[in-house]
Amino acid sequence: MPEQEPQSGGELAESRLTPEQQEQVEQLRQEIEELTPDLDAGKPEAFSVLSERITALDELLVSPEQRQTPERAEIPTLEETIQQNQEMYDWLGIEINLQQELEQGNILLPSKEQREAAEREGYTKTLIITGSLSREQIINQVQTKYAQEFNSDGVWLSDLVRQDLNQTEQAEHSNRPNQPYLIYLKPQSEVSDAHPETMGKSAQECLEILNQKQKDYPNLNLKGLTLEEYLLAQAHTYQTQQKHLEEKDWSWLLEEQTKDRQGQPARCLRAGWDFRAHRLGVYSRSVSICFDFGGARFAALPAEASAKAGVPSP
């Protein structure tokens with residue numbers, strides 16, 4: 001059991017609600033609980049209703065002060081980035097000395113031009129990916145820590161995800177390096193705020209949007225997220241903001257697509273925070289399916305990262 005249950009912004013604001021508002025909150029929570037059978041059955045209409053109810057709860061629970069907190073408009077300094085990411089890895093129980101890796105020149109960093117382009121386009125969240133751990137190791141570390149922290153399963157993988165996990169493009173033909181590398185992300189905790197243009201789109205459509213953005217902003221070197229990057233982004237967000245990514249939405253992991261026997265895209269992993277079970281849920285769905293409350297996150301990677309994919313770190 002964790003020493004203290006994590007408090008969301010909603011819980012902190014609840015004491016300020018009027019009796020009528022408190023009654024509305026309880027009614028919404030009851031309606032959400034009643035959706036459980038349909039949600040577990042994977043019915044799309046239930047997820048749509050869930051998104052509406054969570055939005056209504058958010059309107060009641062999140063304080064005006066929190067709503068007025070602006071997202072960071074500038075990219076943190078490298079010193080701040082090292083400190084924040086080291087704290088995240090320490091929290092997860094992953095042994096890595098980022099300062100030492102930096103001093104030894106082992107961390108792949110974006111160029112000055114890419115940093116400037118990322119800042120202009122709002123990619124101001126910095127995340128350092130270890131690169132040296134397998135996806136199974138990262139899944140296990142995040143799952144163990146989240147299970148302890150939230151008294152839950154931590155990370156829940158559907159049966160189809162377990163089947164697809166080692167058959168995605170990332171698993172079979174990774175274009176990520178085997179050494180630490182820094183990526184830029186948009187800082188908003190909901191994909192609907194970070195990338196509203198992807199909402200309600202299939203994985204295929206999101207990939208088309210990504211490809212067009214890369215043509216428009218070639219200095220960014222934009223990619224979809226891997227499962228490992230998403231898990232670490234979740235941990236970083238909780239460490240720095242006491243929030244979870246996708247508490248209301250979910251996000252396609254565009255680097256995690258499988259192919260059918262004809263070599264065509266078949267399924268894609270998607271992930272989001274399951275507030276009912278206090279865990280991160282990972283699912284696998286057809287690349288052509290669309291949901292109103294689903295989108296995709298993009299990351300700006302160092303251009304050198306693709307060139308060093310699969311190359312052992314020095």
# chains A, B, ... in the order shown; residues from 1 in each chain; ligands from 1
call {"tool": "select_by_dssp", "arguments": {"residues": "region 118-282 of chain A", "states": "strand (DSSP E or B)", "output": "ChimeraX atom specification"}}
result
/A:125-129,155-157,177-178,181-185,222-224,250-259,265-274,279-282
call {"tool": "write_last_selection", "arguments": {"atoms": "N, CA and C atoms", "output": "tab-separated table (two decimals), in the first residue's frame"}}
result
chain	number	residue	atom	x	y	z
A	125	LYS	N	8.03	19.80	-23.57
A	125	LYS	CA	8.27	18.79	-22.53
A	125	LYS	C	9.48	17.96	-22.94
A	126	THR	N	10.47	17.83	-22.06
A	126	THR	CA	11.69	17.09	-22.39
A	126	THR	C	11.70	15.76	-21.65
A	127	LEU	N	11.98	14.70	-22.39
A	127	LEU	CA	11.99	13.36	-21.81
A	127	LEU	C	13.23	12.62	-22.33
A	128	ILE	N	14.00	12.06	-21.42
A	128	ILE	CA	15.18	11.28	-21.80
A	128	ILE	C	14.83	9.81	-21.71
A	129	ILE	N	14.96	9.10	-22.82
A	129	ILE	CA	14.68	7.68	-22.89
A	129	ILE	C	15.99	6.92	-22.66
A	155	VAL	N	0.04	-1.49	-14.64
A	155	VAL	CA	-0.10	-1.42	-16.10
A	155	VAL	C	-0.85	-2.68	-16.53
A	156	TRP	N	-1.96	-2.47	-17.24
A	156	TRP	CA	-2.78	-3.61	-17.68
A	156	TRP	C	-2.69	-3.74	-19.19
A	157	LEU	N	-2.27	-4.91	-19.65
A	157	LEU	CA	-2.17	-5.20	-21.07
A	157	LEU	C	-3.28	-6.16	-21.46
A	177	PRO	N	17.57	4.27	-30.98
A	177	PRO	CA	18.95	3.87	-30.64
A	177	PRO	C	19.03	3.10	-29.33
A	178	ASN	N	20.11	2.35	-29.16
A	178	ASN	CA	20.35	1.60	-27.93
A	178	ASN	C	21.18	2.41	-26.95
A	181	TYR	N	18.52	8.97	-25.29
A	181	TYR	CA	18.23	10.03	-26.26
A	181	TYR	C	17.11	10.91	-25.72
A	182	LEU	N	17.17	12.19	-26.07
A	182	LEU	CA	16.21	13.17	-25.57
A	182	LEU	C	15.15	13.45	-26.63
A	183	ILE	N	13.89	13.46	-26.21
A	183	ILE	CA	12.80	13.78	-27.12
A	183	ILE	C	11.99	14.95	-26.58
A	184	TYR	N	11.33	15.66	-27.48
A	184	TYR	CA	10.44	16.75	-27.12
A	184	TYR	C	9.00	16.31	-27.34
A	185	LEU	N	8.14	16.61	-26.36
A	185	LEU	CA	6.72	16.29	-26.44
A	185	LEU	C	5.91	17.55	-26.14
A	222	LEU	N	9.59	14.54	-36.55
A	222	LEU	CA	8.48	14.01	-35.77
A	222	LEU	C	8.27	12.52	-36.01
A	223	LYS	N	7.93	11.82	-34.92
A	223	LYS	CA	7.62	10.39	-34.95
A	223	LYS	C	6.41	10.13	-34.06
A	224	GLY	N	5.78	8.97	-34.26
A	224	GLY	CA	4.79	8.51	-33.30
A	224	GLY	C	5.52	7.97	-32.07
A	250	TRP	N	-7.65	8.72	-24.92
A	250	TRP	CA	-6.58	7.73	-25.05
A	250	TRP	C	-5.80	8.07	-26.31
A	251	SER	N	-4.60	7.50	-26.45
A	251	SER	CA	-3.71	7.87	-27.55
A	251	SER	C	-3.21	6.64	-28.29
A	252	TRP	N	-3.23	6.74	-29.64
A	252	TRP	CA	-2.59	5.73	-30.47
A	252	TRP	C	-1.08	5.79	-30.25
A	253	LEU	N	-0.41	4.65	-30.23
A	253	LEU	CA	1.05	4.58	-30.21
A	253	LEU	C	1.47	4.18	-31.62
A	254	LEU	N	1.72	5.17	-32.46
A	254	LEU	CA	1.85	4.94	-33.89
A	254	LEU	C	3.06	4.11	-34.30
A	255	GLU	N	4.05	4.00	-33.42
A	255	GLU	CA	5.20	3.16	-33.73
A	255	GLU	C	4.92	1.68	-33.45
A	256	GLU	N	3.75	1.42	-32.87
A	256	GLU	CA	3.43	0.05	-32.43
A	256	GLU	C	2.33	-0.56	-33.30
A	257	GLN	N	2.57	-0.63	-34.60
A	257	GLN	CA	1.61	-1.23	-35.52
A	257	GLN	C	2.05	-2.63	-35.93
A	258	THR	N	1.08	-3.52	-36.08
A	258	THR	CA	1.36	-4.85	-36.60
A	258	THR	C	0.92	-4.89	-38.06
A	259	LYS	N	1.36	-5.94	-38.78
A	259	LYS	CA	0.98	-6.11	-40.18
A	259	LYS	C	0.30	-7.46	-40.37
A	265	PRO	N	-0.79	-2.78	-42.83
A	265	PRO	CA	-1.07	-2.45	-41.43
A	265	PRO	C	-2.35	-3.12	-40.94
A	266	ALA	N	-2.29	-3.72	-39.78
A	266	ALA	CA	-3.44	-4.45	-39.25
A	266	ALA	C	-3.98	-3.81	-37.96
A	267	ARG	N	-3.16	-3.83	-36.91
A	267	ARG	CA	-3.59	-3.27	-35.63
A	267	ARG	C	-2.54	-2.30	-35.10
A	268	CYS	N	-2.97	-1.50	-34.12
A	268	CYS	CA	-2.07	-0.52	-33.50
A	268	CYS	C	-2.37	-0.47	-32.01
A	269	LEU	N	-1.34	-0.38	-31.19
A	269	LEU	CA	-1.55	-0.25	-29.75
A	269	LEU	C	-2.07	1.14	-29.42
A	270	ARG	N	-2.87	1.21	-28.40
A	270	ARG	CA	-3.36	2.48	-27.89
A	270	ARG	C	-3.34	2.42	-26.37
A	271	ALA	N	-3.24	3.57	-25.70
A	271	ALA	CA	-3.09	3.57	-24.25
A	271	ALA	C	-3.74	4.79	-23.63
A	272	GLY	N	-4.07	4.67	-22.36
A	272	GLY	CA	-4.64	5.79	-21.61
A	272	GLY	C	-4.81	5.39	-20.16
A	273	TRP	N	-5.10	6.37	-19.31
A	273	TRP	CA	-5.24	6.12	-17.88
A	273	TRP	C	-6.66	5.68	-17.56
A	274	ASP	N	-6.79	4.54	-16.88
A	274	ASP	CA	-8.08	4.01	-16.44
A	274	ASP	C	-8.30	4.48	-15.02
A	279	ARG	N	-5.06	2.51	-13.03
A	279	ARG	CA	-3.98	1.84	-13.75
A	279	ARG	C	-3.90	2.37	-15.17
A	280	LEU	N	-2.76	2.12	-15.80
A	280	LEU	CA	-2.58	2.46	-17.21
A	280	LEU	C	-3.03	1.28	-18.05
A	281	GLY	N	-3.97	1.53	-18.95
A	281	GLY	CA	-4.48	0.46	-19.80
A	281	GLY	C	-3.87	0.54	-21.20
A	282	VAL	N	-3.48	-0.61	-21.74
A	282	VAL	CA	-2.93	-0.68	-23.09
A	282	VAL	C	-3.76	-1.69	-23.88
call {"tool": "select_by_dssp", "arguments": {"residues": "region 111-290 of chain A", "states": "alpha helix (DSSP H)", "output": "number ranges by chain"}}
result
A: 112-120, 135-150, 159-164, 169-172, 191-194, 203-216, 227-241
call {"tool": "atom_distance", "arguments": {"atom1": "CA of Glu20 (chain A)", "atom2": "CA of Ala46 (chain A)"}}
result
26.2 Å
call {"tool": "residues_around", "arguments": {"residues": "Gln234 (chain A)", "least_positions_apart": "3", "cutoff": "10 Å", "atoms": "only C-alpha atoms", "output": "count of residues only"}}
result
16
call {"tool": "closest_residue", "arguments": {"among": "A:Asp249, A:Phe298, A:His278, A:Ser284", "to": "Asn151 (chain A)", "atoms": "only C-alpha atoms"}}
result
A:His278
call {"tool": "atom_distance", "arguments": {"atom1": "CA of His236 (chain A)", "atom2": "CA of Asn221 (chain A)"}}
result
21.8 Å
call {"tool": "residues_around", "arguments": {"residues": "region 87-102 of chain A", "least_positions_apart": "5", "cutoff": "8 Å", "atoms": "only C-alpha atoms", "output": "list in words"}}
result
Ile82, Ile107, Thr130, Gln141, Val142, Lys145, Pro180, Ala235, His236 and Gln239 of chain A
call {"tool": "residues_around", "arguments": {"residues": "Pro302 (chain A)", "least_positions_apart": "2", "cutoff": "9 Å", "atoms": "only C-alpha atoms", "output": "list in words"}}
result
Leu108, Leu109, Pro110, Ser111, Gln114, Tyr181, Leu182, Ile183, Leu220, Asn221, Ala300, Glu304, Ala305 and Ser306 of chain A
call {"tool": "write_last_selection", "arguments": {"atoms": "N, CA and C atoms", "output": "short mmCIF file (atom, residue, chain, number, x, y, z; two decimals), in the first residue's frame"}}
result
data_model
loop_
_atom_site.label_atom_id
_atom_site.label_comp_id
_atom_site.auth_asym_id
_atom_site.auth_seq_id
_atom_site.Cartn_x
_atom_site.Cartn_y
_atom_site.Cartn_z
N LEU A 108 22.02 11.24 -26.85
CA LEU A 108 21.77 11.89 -28.13
C LEU A 108 20.85 13.08 -27.91
N LEU A 109 21.32 14.26 -28.30
CA LEU A 109 20.58 15.50 -28.07
C LEU A 109 20.12 16.10 -29.41
N PRO A 110 18.96 16.74 -29.41
CA PRO A 110 18.51 17.44 -30.62
C PRO A 110 19.46 18.60 -30.95
N SER A 111 19.47 18.98 -32.20
CA SER A 111 20.30 20.11 -32.61
C SER A 111 19.68 21.43 -32.13
N GLN A 114 16.65 22.19 -34.14
CA GLN A 114 15.48 21.40 -33.76
C GLN A 114 14.88 21.91 -32.45
N TYR A 181 18.52 8.97 -25.29
CA TYR A 181 18.23 10.03 -26.26
C TYR A 181 17.11 10.91 -25.72
N LEU A 182 17.17 12.19 -26.07
CA LEU A 182 16.21 13.17 -25.57
C LEU A 182 15.15 13.45 -26.63
N ILE A 183 13.89 13.46 -26.21
CA ILE A 183 12.80 13.78 -27.12
C ILE A 183 11.99 14.95 -26.58
N LEU A 220 11.77 19.29 -37.17
CA LEU A 220 11.30 18.66 -35.94
C LEU A 220 11.64 17.16 -35.88
N ASN A 221 11.70 16.50 -37.03
CA ASN A 221 11.90 15.04 -37.06
C ASN A 221 10.85 14.34 -36.20
N ALA A 300 9.29 14.81 -31.07
CA ALA A 300 10.41 15.27 -31.89
C ALA A 300 11.67 14.58 -31.39
N GLU A 304 19.81 12.32 -35.29
CA GLU A 304 20.85 11.30 -35.20
C GLU A 304 20.31 9.98 -34.66
N ALA A 305 19.13 10.03 -33.99
CA ALA A 305 18.60 8.84 -33.35
C ALA A 305 18.30 7.74 -34.36
N SER A 306 17.69 8.10 -35.49
CA SER A 306 17.36 7.09 -36.49
C SER A 306 18.62 6.47 -37.10
#
call {"tool": "atom_distance", "arguments": {"atom1": "CA of Ser288 (chain A)", "atom2": "CA of Leu232 (chain A)"}}
result
26.7 Å
call {"tool": "closest_residue", "arguments": {"among": "A:Tyr283, A:Gln21, A:Cys290, A:Ile54", "to": "Leu160 (chain A)", "atoms": "only C-alpha atoms"}}
result
A:Tyr283
call {"tool": "closest_residue", "arguments": {"among": "A:Gln179, A:Asn140, A:Thr226, A:Thr77", "to": "Arg297 (chain A)", "atoms": "only C-alpha atoms"}}
result
A:Thr226
call {"tool": "residues_around", "arguments": {"residues": "Arg276 (chain A)", "least_positions_apart": "3", "cutoff": "12 Å", "atoms": "only C-alpha atoms", "output": "mmCIF file with C-alpha atoms, in the first residue's frame"}}
result
data_model
loop_
_atom_site.group_PDB
_atom_site.id
_atom_site.type_symbol
_atom_site.label_atom_id
_atom_site.label_comp_id
_atom_site.auth_asym_id
_atom_site.auth_seq_id
_atom_site.Cartn_x
_atom_site.Cartn_y
_atom_site.Cartn_z
ATOM 1 C CA ARG A 29 -19.748 8.907 -10.280
ATOM 2 C CA GLN A 30 -22.694 6.516 -10.001
ATOM 3 C CA ILE A 32 -19.734 6.118 -14.478
ATOM 4 C CA GLU A 33 -19.779 3.049 -12.254
ATOM 5 C CA GLU A 34 -22.884 1.760 -14.041
ATOM 6 C CA LEU A 35 -20.962 1.902 -17.331
ATOM 7 C CA THR A 36 -18.462 -0.707 -16.122
ATOM 8 C CA LEU A 39 -16.768 -0.636 -20.848
ATOM 9 C CA ASP A 40 -15.355 -4.052 -20.012
ATOM 10 C CA LEU A 50 -17.637 7.890 -20.204
ATOM 11 C CA ILE A 54 -15.511 12.643 -16.989
ATOM 12 C CA PHE A 150 -1.843 3.196 -6.756
ATOM 13 C CA SER A 152 -3.687 -1.602 -8.516
ATOM 14 C CA ASP A 153 -2.482 -3.699 -11.449
ATOM 15 C CA GLU A 247 -7.366 10.654 -17.978
ATOM 16 C CA LYS A 248 -10.265 11.470 -20.328
ATOM 17 C CA GLY A 272 -4.641 5.787 -21.611
ATOM 18 C CA TRP A 273 -5.237 6.120 -17.875
ATOM 19 C CA ARG A 279 -3.979 1.843 -13.749
ATOM 20 C CA LEU A 280 -2.580 2.461 -17.207
ATOM 21 C CA GLY A 281 -4.478 0.465 -19.802
#
call {"tool": "residues_around", "arguments": {"residues": "Asp292 (chain A)", "least_positions_apart": "5", "cutoff": "12 Å", "atoms": "only C-alpha atoms", "output": "MDAnalysis selection string"}}
result
chainID A and resid 44:52 191:192 196:202 248:251
call {"tool": "write_last_selection", "arguments": {"atoms": "C-alpha atoms", "output": "PDB file, in the first residue's frame"}}
result
ATOM      1  CA  PRO A  44     -17.679   2.147 -28.271  1.00  0.00           C
ATOM      2  CA  GLU A  45     -20.830   4.026 -27.177  1.00  0.00           C
ATOM      3  CA  ALA A  46     -19.954   3.366 -23.519  1.00  0.00           C
ATOM      4  CA  PHE A  47     -16.546   4.984 -23.952  1.00  0.00           C
ATOM      5  CA  SER A  48     -18.200   8.009 -25.550  1.00  0.00           C
ATOM      6  CA  VAL A  49     -20.578   8.386 -22.585  1.00  0.00           C
ATOM      7  CA  LEU A  50     -17.637   7.890 -20.204  1.00  0.00           C
ATOM      8  CA  SER A  51     -15.735  10.735 -21.835  1.00  0.00           C
ATOM      9  CA  GLU A  52     -18.770  13.028 -21.445  1.00  0.00           C
ATOM     10  CA  VAL A 191      -4.055  14.368 -26.211  1.00  0.00           C
ATOM     11  CA  SER A 192      -7.199  16.331 -27.139  1.00  0.00           C
ATOM     12  CA  PRO A 196      -6.678  18.180 -31.295  1.00  0.00           C
ATOM     13  CA  GLU A 197      -6.269  17.619 -35.051  1.00  0.00           C
ATOM     14  CA  THR A 198      -5.886  13.876 -34.390  1.00  0.00           C
ATOM     15  CA  MET A 199      -9.032  13.419 -32.329  1.00  0.00           C
ATOM     16  CA  GLY A 200     -11.590  11.023 -33.753  1.00  0.00           C
ATOM     17  CA  LYS A 201      -9.077   9.756 -36.307  1.00  0.00           C
ATOM     18  CA  SER A 202      -7.958   6.204 -36.993  1.00  0.00           C
ATOM     19  CA  LYS A 248     -10.265  11.470 -20.328  1.00  0.00           C
ATOM     20  CA  ASP A 249      -8.917  10.409 -23.731  1.00  0.00           C
ATOM     21  CA  TRP A 250      -6.575   7.730 -25.051  1.00  0.00           C
ATOM     22  CA  SER A 251      -3.713   7.871 -27.545  1.00  0.00           C
TER      23      SER A 251
END
call {"tool": "closest_residue", "arguments": {"among": "A:Glu59, A:Glu31, A:Glu119, A:Thr240", "to": "Gln86 (chain A)", "atoms": "only C-alpha atoms"}}
result
A:Thr240
